[in-house]
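**Student:** I have a structure here, written as structure tokens, and I will follow up with some questions on it.
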Amino acid sequence: MSLRKLLSFSSCIVFCLSVLTTNAFSQDRERVVQENPVRTTETQLSRSSQRPTLTNQIVVQNPPPLVQKTSSSRSTATTVKTTAISKSAAGFTAILQSRLTSSMQSKVGIPYLLGSNGPNRYDCSGLIWKIFQESGIIFERSSARTYYSQFEPVADDERYKFGTLVFFNGLGHMGIVVDDKGFYHASTSKGVMYSKFEGYWGKRIVGFRRVPVENYMFADLNREAK
């Protein structure tokens, strides 16, 4: 083989090797370029997943339950308070009834004296005034007629309720009701006593009145009732 042919053949070989090398390098570069977007996308997704993207979704606004709870608590508080008042009123009634009974019974047999309010003599209005005073219900001493005009009328079903005042003989006499069977009063002939409505006294009833004890509550009664 001549030298010219040898040089020409060598040049061809070098050119072919150069082309092959360039193609291989280009493929590597394309691979690198193609891989970068994928990696960038994955990185962005990873970072975006760490961001607080749920801010718009987590909206904790529940005013209705809060209002309901507040209303419920107020309602509960009101109920408790009302119950306490009812218990206090019931306690007051029981204490007052006990005091009235004790005062009435302690005076049985004491003689009658017009215009007297004790402790050794009583007329009818003086007896009633004294009984309530000793029980913690204070009002001005007066006559049976004045008490009838001063105190409150009662409903039919309360006429014979314990503590109601009963009036007789054209408002000239009065007593304090125990129940529908009888009452305590200061009799002109027998002094302080218990009498039945049946018969003589039942036919002479003029009317009934209620002492508004809630207007005369003393502190000691309130303390005992709590």
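Ligands are numbered from 1 in the order shown, chains are lettered A, B, ... in the order of the structure tokens, and residues start at 1 in each chain.
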Could you pull the residues within 12 Å of Thr146 in chain A, counting only C-alpha atoms, minus those fewer than 3 positions along the same chain, as a list in words?

**Tutor:**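 With the cut-off at 12 Å, the set is Ser125, Glu140, Arg141, Ser142, Ser143, Ser149, Gln150, Phe151, Glu152, Phe167, Leu171, Gly172, His173, Met174 and Arg209 of chain A.
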
**Student:** Could you tell me which of A:Leu113, A:Ala94, A:Phe162, A:Val154 comes closest to Lys190 in chain A if we count only C-alpha atoms?

**Tutor:** A:Leu113

**Student:** So which residues touch Ala155 in chain A within 12 Å, counting only C-alpha atoms, skipping near sequence neighbours fewer than 2 positions away, as a list in words?

**Tutor:**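 Surrounding residues, per the criterion: Glu152, Pro153, Asp157, Glu158, Arg159, Tyr160, Lys161, Thr164, Gly207, Phe208, Arg209 and Arg210 of chain A.
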
**Student:** Of the residues A:Ser195, A:Asn169, A:Ser189, A:Asn215, which is the one nearest to Leu114 in chain A, using only C-alpha atoms?

**Tutor:**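 Distance minimum relative to Leu114 in chain A lands on A:Ser189.
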